[in-house]
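Below is one structure, written out as C-alpha cells; the observations come after it.
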Amino acid sequence: IERKRESGIYLSVLGFGAGNYNDQLMQALAQSGNGNAAYIDTLNEARKVLVDEAGSTIVPIAGDVKIQVEFNPAVVSEYRLVGYETRALAREDFNNDRVDAGDIGSGHTVTALYELTPIGSPARLVNDLRYQSDAGAQPSGPSDEYAYLRLRYKLPGEAKSRLIERAITTGDEHGEIASADDDTRFAASVAAFGQKLRGSVYLSDHGYDDIATLAAGARGDDPFGYRNEFLSLVRFADAIDRP
C-alpha cells in the first residue's frame, strides 16, 4: 500500500457488517494509503461517505500536510494535543520533505484541538524541574502571542513543500466558548466524547450531559442530520453509563 501511495494511488477502506470487523486494521490500512476509513452501518452513513465526502478522497489538493505549533512559554505553562496519536511526527521531520504525512482532499478540513494551561493557573499539573531549569528565570516572548503556527504542504505533482506561518494571538481568542462558531464548538464536543469513551482522566468532572449540551447548541445547519445523529450517540452512551 505504501509503495502504491508513492506512485499516486491512494487507498480508502470501507467496512460493512460485523463479526470479524477490525477497526484498528482498517485505520492502519487507510492511513498507509493516504486515504480514509469509514464504517457503513446505515443508508445515511453511506450517503455521507460515498456522496457528500467522496470528493475529499478522490481529488487531493494538498499532499504531505504537516502542522507544527510552538507555544509561547511566557503565556502557556502546559498544553496537550487532543487526538492525533497515530499522526505525530518528530520535530526534525517537519522540514524534511521525504517524510510522508497526510493529504487533504477537495472540501476536506482538518481541526487540531489543544488544551492549554496559562501561566499562573491553579490547574497546572506539572511542577518545575529542580535540576534542569532555573526557577528564578522568567521565560521571554510576546505577551499577546499564545503560539506560532507553521504549516507545510505540497501541491499535487510537486516534490518541494511550501510553508505558511502566522502567530496565534489574543486577537484570535473568544472570551467564552459560547461566542465561538458552531463548527468549533461542535468539534470540541466530538473530541470530548471521544476522550470520555476512552476514560480520559482529563474529563473526570465532565459528563455526557455537558457534551450533549455543547453539541446541541452547535448543530447549526444540519441538512442531513449528521450532528443530530451524533447527539443521539452521546445520549445513548450516557444511558448505558448510568448505574
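Residues in the C-alpha cells are named by chain (A, B, ... in the order shown) and by number from 1 within that chain; ligands are numbered from 1 in the order shown.
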
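These are the residues of range 150-185 of chain A assigned strand (DSSP E) by DSSP from backbone coordinates: Arg150, Leu151, Arg152, Tyr153, Lys154, Arg162, Leu163, Ile164, Glu165, Arg166, Ala167, Ile168 and Thr169 of chain A.
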
Report as a Markdown table the residues of range 5-93 of chain A within 10 Å of range 109-113 of chain A, each with its shortest atom pair and distance in Å (one decimal), using only C-alpha atoms, ordered by chain and increasing residue number.
```
| residue | atom | partner | partner_atom | distance |
| --- | --- | --- | --- | --- |
| A:Ser56 | CA | A:Thr109 | CA | 9.0 |
| A:Ile67 | CA | A:Ala112 | CA | 9.0 |
| A:Arg80 | CA | A:Leu113 | CA | 8.6 |
| A:Leu81 | CA | A:Leu113 | CA | 6.1 |
| A:Val82 | CA | A:Leu113 | CA | 5.6 |
| A:Gly83 | CA | A:Leu113 | CA | 8.0 |
| A:Tyr84 | CA | A:Ala112 | CA | 8.3 |
```

With C-alpha atoms kept, could you save the residues just selected as a CSV table (one decimal), in the first residue's frame?
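So part33.csv came out as:
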```
chain,number,residue,atom,x,y,z
A,56,SER,CA,-12.2,14.7,-0.4
A,67,ILE,CA,1.2,21.2,11.2
A,80,ARG,CA,-1.7,18.9,25.3
A,81,LEU,CA,-2.9,17.9,21.8
A,82,VAL,CA,-6.2,16.1,21.8
A,83,GLY,CA,-6.0,13.0,19.5
A,84,TYR,CA,-3.7,12.5,16.5
```

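Distance annotation: of A:Ser106, A:Ser204, A:Gln31, A:Asn127, the residue with the minimal separation from Arg5 in chain A is A:Gln31; atom set is only C-alpha atoms.
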
Taking the backbone alone, and naming residues the way the document does, which bits of range 154-235 of chain A are alpha helix (DSSP H) by DSSP, as number ranges by chain? A: 182-197, 208-216, 226-235

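Residues surrounding range 218-232 of chain A within 10 Å are Asn44, Glu45, Arg47, Lys48, Asp52, Ala178, Ala180, Asp181, Asp182, Asp183, Thr184, Arg185, Phe186, Ala187, Ala188, Ser189, Val190, Phe193, Ile211, Ala212, Thr213, Leu214, Phe236, Ala237 and Asp238 of chain A [only C-alpha atoms; sequence separation below 4 positions excluded].
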
Using the selection just defined, write its residues with N, CA, C and O atoms as an mmCIF file, in the first residue's frame.
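Output contents, as saved in result.cif:
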```cif
data_model
loop_
_atom_site.group_PDB
_atom_site.id
_atom_site.type_symbol
_atom_site.label_atom_id
_atom_site.label_comp_id
_atom_site.auth_asym_id
_atom_site.auth_seq_id
_atom_site.Cartn_x
_atom_site.Cartn_y
_atom_site.Cartn_z
ATOM 1 N N ASN A 44 -27.879 6.514 5.726
ATOM 2 C CA ASN A 44 -27.429 7.881 5.938
ATOM 3 C C ASN A 44 -25.904 7.973 5.962
ATOM 4 O O ASN A 44 -25.311 8.902 5.410
ATOM 5 N N GLU A 45 -25.256 6.975 6.593
ATOM 6 C CA GLU A 45 -23.793 6.962 6.628
ATOM 7 C C GLU A 45 -23.222 6.705 5.245
ATOM 8 O O GLU A 45 -22.192 7.276 4.863
ATOM 9 N N ARG A 47 -24.566 7.615 2.410
ATOM 10 C CA ARG A 47 -24.706 8.879 1.676
ATOM 11 C C ARG A 47 -23.613 9.851 2.082
ATOM 12 O O ARG A 47 -23.022 10.537 1.243
ATOM 13 N N LYS A 48 -23.323 9.916 3.373
ATOM 14 C CA LYS A 48 -22.292 10.824 3.883
ATOM 15 C C LYS A 48 -20.922 10.490 3.301
ATOM 16 O O LYS A 48 -20.196 11.369 2.825
ATOM 17 N N ASP A 52 -21.403 12.784 -0.063
ATOM 18 C CA ASP A 52 -21.001 14.091 0.451
ATOM 19 C C ASP A 52 -19.489 14.233 0.597
ATOM 20 O O ASP A 52 -18.930 15.309 0.365
ATOM 21 N N ALA A 178 -19.195 29.970 24.213
ATOM 22 C CA ALA A 178 -20.471 30.263 23.568
ATOM 23 C C ALA A 178 -20.322 31.244 22.414
ATOM 24 O O ALA A 178 -21.164 31.277 21.504
ATOM 25 N N ALA A 180 -17.799 31.225 20.266
ATOM 26 C CA ALA A 180 -17.118 30.583 19.143
ATOM 27 C C ALA A 180 -18.151 30.124 18.115
ATOM 28 O O ALA A 180 -19.339 29.992 18.417
ATOM 29 N N ASP A 181 -17.705 29.864 16.882
ATOM 30 C CA ASP A 181 -18.642 29.459 15.838
ATOM 31 C C ASP A 181 -19.121 28.024 16.062
ATOM 32 O O ASP A 181 -18.547 27.272 16.856
ATOM 33 N N ASP A 182 -20.193 27.665 15.351
ATOM 34 C CA ASP A 182 -20.809 26.345 15.532
ATOM 35 C C ASP A 182 -19.829 25.213 15.268
ATOM 36 O O ASP A 182 -19.797 24.219 16.011
ATOM 37 N N ASP A 183 -19.024 25.334 14.204
ATOM 38 C CA ASP A 183 -18.107 24.249 13.850
ATOM 39 C C ASP A 183 -17.073 24.007 14.939
ATOM 40 O O ASP A 183 -16.741 22.861 15.251
ATOM 41 N N THR A 184 -16.555 25.076 15.513
ATOM 42 C CA THR A 184 -15.558 24.939 16.580
ATOM 43 C C THR A 184 -16.160 24.281 17.811
ATOM 44 O O THR A 184 -15.578 23.365 18.404
ATOM 45 N N ARG A 185 -17.345 24.723 18.210
ATOM 46 C CA ARG A 185 -17.983 24.151 19.397
ATOM 47 C C ARG A 185 -18.390 22.701 19.172
ATOM 48 O O ARG A 185 -18.265 21.865 20.067
ATOM 49 N N PHE A 186 -18.838 22.394 17.949
ATOM 50 C CA PHE A 186 -19.220 21.013 17.683
ATOM 51 C C PHE A 186 -17.984 20.108 17.663
ATOM 52 O O PHE A 186 -18.008 18.986 18.175
ATOM 53 N N ALA A 187 -16.886 20.604 17.083
ATOM 54 C CA ALA A 187 -15.636 19.832 17.085
ATOM 55 C C ALA A 187 -15.166 19.564 18.506
ATOM 56 O O ALA A 187 -14.683 18.470 18.819
ATOM 57 N N ALA A 188 -15.323 20.544 19.383
ATOM 58 C CA ALA A 188 -14.924 20.367 20.786
ATOM 59 C C ALA A 188 -15.783 19.298 21.460
ATOM 60 O O ALA A 188 -15.280 18.491 22.252
ATOM 61 N N SER A 189 -17.072 19.270 21.143
ATOM 62 C CA SER A 189 -17.948 18.257 21.746
ATOM 63 C C SER A 189 -17.601 16.856 21.242
ATOM 64 O O SER A 189 -17.632 15.890 22.013
ATOM 65 N N VAL A 190 -17.257 16.730 19.960
ATOM 66 C CA VAL A 190 -16.870 15.428 19.416
ATOM 67 C C VAL A 190 -15.571 14.942 20.063
ATOM 68 O O VAL A 190 -15.439 13.767 20.435
ATOM 69 N N PHE A 193 -16.280 13.776 23.543
ATOM 70 C CA PHE A 193 -16.962 12.479 23.532
ATOM 71 C C PHE A 193 -15.956 11.345 23.343
ATOM 72 O O PHE A 193 -16.015 10.312 24.025
ATOM 73 N N ILE A 211 -21.387 17.284 27.388
ATOM 74 C CA ILE A 211 -21.054 17.108 25.976
ATOM 75 C C ILE A 211 -22.296 17.294 25.112
ATOM 76 O O ILE A 211 -22.258 17.962 24.064
ATOM 77 N N ALA A 212 -23.409 16.719 25.550
ATOM 78 C CA ALA A 212 -24.655 16.832 24.792
ATOM 79 C C ALA A 212 -25.136 18.272 24.716
ATOM 80 O O ALA A 212 -25.611 18.733 23.668
ATOM 81 N N THR A 213 -25.001 19.008 25.809
ATOM 82 C CA THR A 213 -25.424 20.413 25.827
ATOM 83 C C THR A 213 -24.601 21.241 24.846
ATOM 84 O O THR A 213 -25.138 22.071 24.101
ATOM 85 N N LEU A 214 -23.296 21.006 24.824
ATOM 86 C CA LEU A 214 -22.423 21.733 23.905
ATOM 87 C C LEU A 214 -22.755 21.388 22.453
ATOM 88 O O LEU A 214 -22.844 22.267 21.596
ATOM 89 N N PHE A 236 -27.175 8.084 24.055
ATOM 90 C CA PHE A 236 -27.202 6.623 24.188
ATOM 91 C C PHE A 236 -26.066 6.164 25.111
ATOM 92 O O PHE A 236 -26.267 5.309 25.977
ATOM 93 N N ALA A 237 -24.868 6.741 24.917
ATOM 94 C CA ALA A 237 -23.730 6.383 25.773
ATOM 95 C C ALA A 237 -24.002 6.787 27.218
ATOM 96 O O ALA A 237 -23.632 6.073 28.150
ATOM 97 N N ASP A 238 -24.664 7.921 27.405
ATOM 98 C CA ASP A 238 -24.995 8.372 28.750
ATOM 99 C C ASP A 238 -25.937 7.399 29.427
ATOM 100 O O ASP A 238 -25.778 7.062 30.613
#
```

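Going from CA of Tyr146 in chain A over to CA of Val75 in chain A, you cover 6.1 Å.
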
Restricting the calculation to only C-alpha atoms: of A:Phe94, A:Ile240, A:Pro118, A:Ile61, which residue gets closest to Leu197 in chain A? A:Ile240

Write out as a VMD selection string each polymer residue whose atoms come within 9 Å of Thr170 in chain A, counting only C-alpha atoms; drop sequence neighbours fewer than 5 positions from it. chain A and resid 143 to 146

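Across the structure, CA of Ser179 in chain A and CA of Asp210 in chain A are spaced 16.8 Å apart.
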
Can you list, as a count of residues only, every protein, DNA or RNA residue that comes within 12 Å of Val49 in chain A when you count only C-alpha atoms, leaving out same-chain residues fewer than 6 positions away? 17

CA of Leu149 in chain A and CA of Arg162 in chain A, how far apart in Å? 13.9 Å

Using only C-alpha atoms, which residues sit within 8 Å of range 164-166 of chain A once same-chain residues fewer than 5 positions away are excluded, as a ChimeraX atom specification? /A:148-152

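Nearest-residue note for Glu70 in chain A: choosing from A:Asp93, A:Ala239, A:Ile168, A:Gly105, the minimum distance belongs to A:Ile168, counting only C-alpha atoms.
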
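Nearest to His108 in chain A of all the residues A:Leu11, A:Ala18, A:Val59, A:Ala167 is A:Val59, based on only C-alpha atoms.
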
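For the choices A:Ala216, A:Leu116, A:Ala123, A:Ala46, the atom-to-atom distance to Asn72 in chain A is smallest for A:Leu116 when using only C-alpha atoms.
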
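Shortest separation to Asp97 in chain A among A:Asp64, A:Glu53, A:Asp241, A:Glu173 occurs at residue A:Asp64, atoms counted being only C-alpha atoms.
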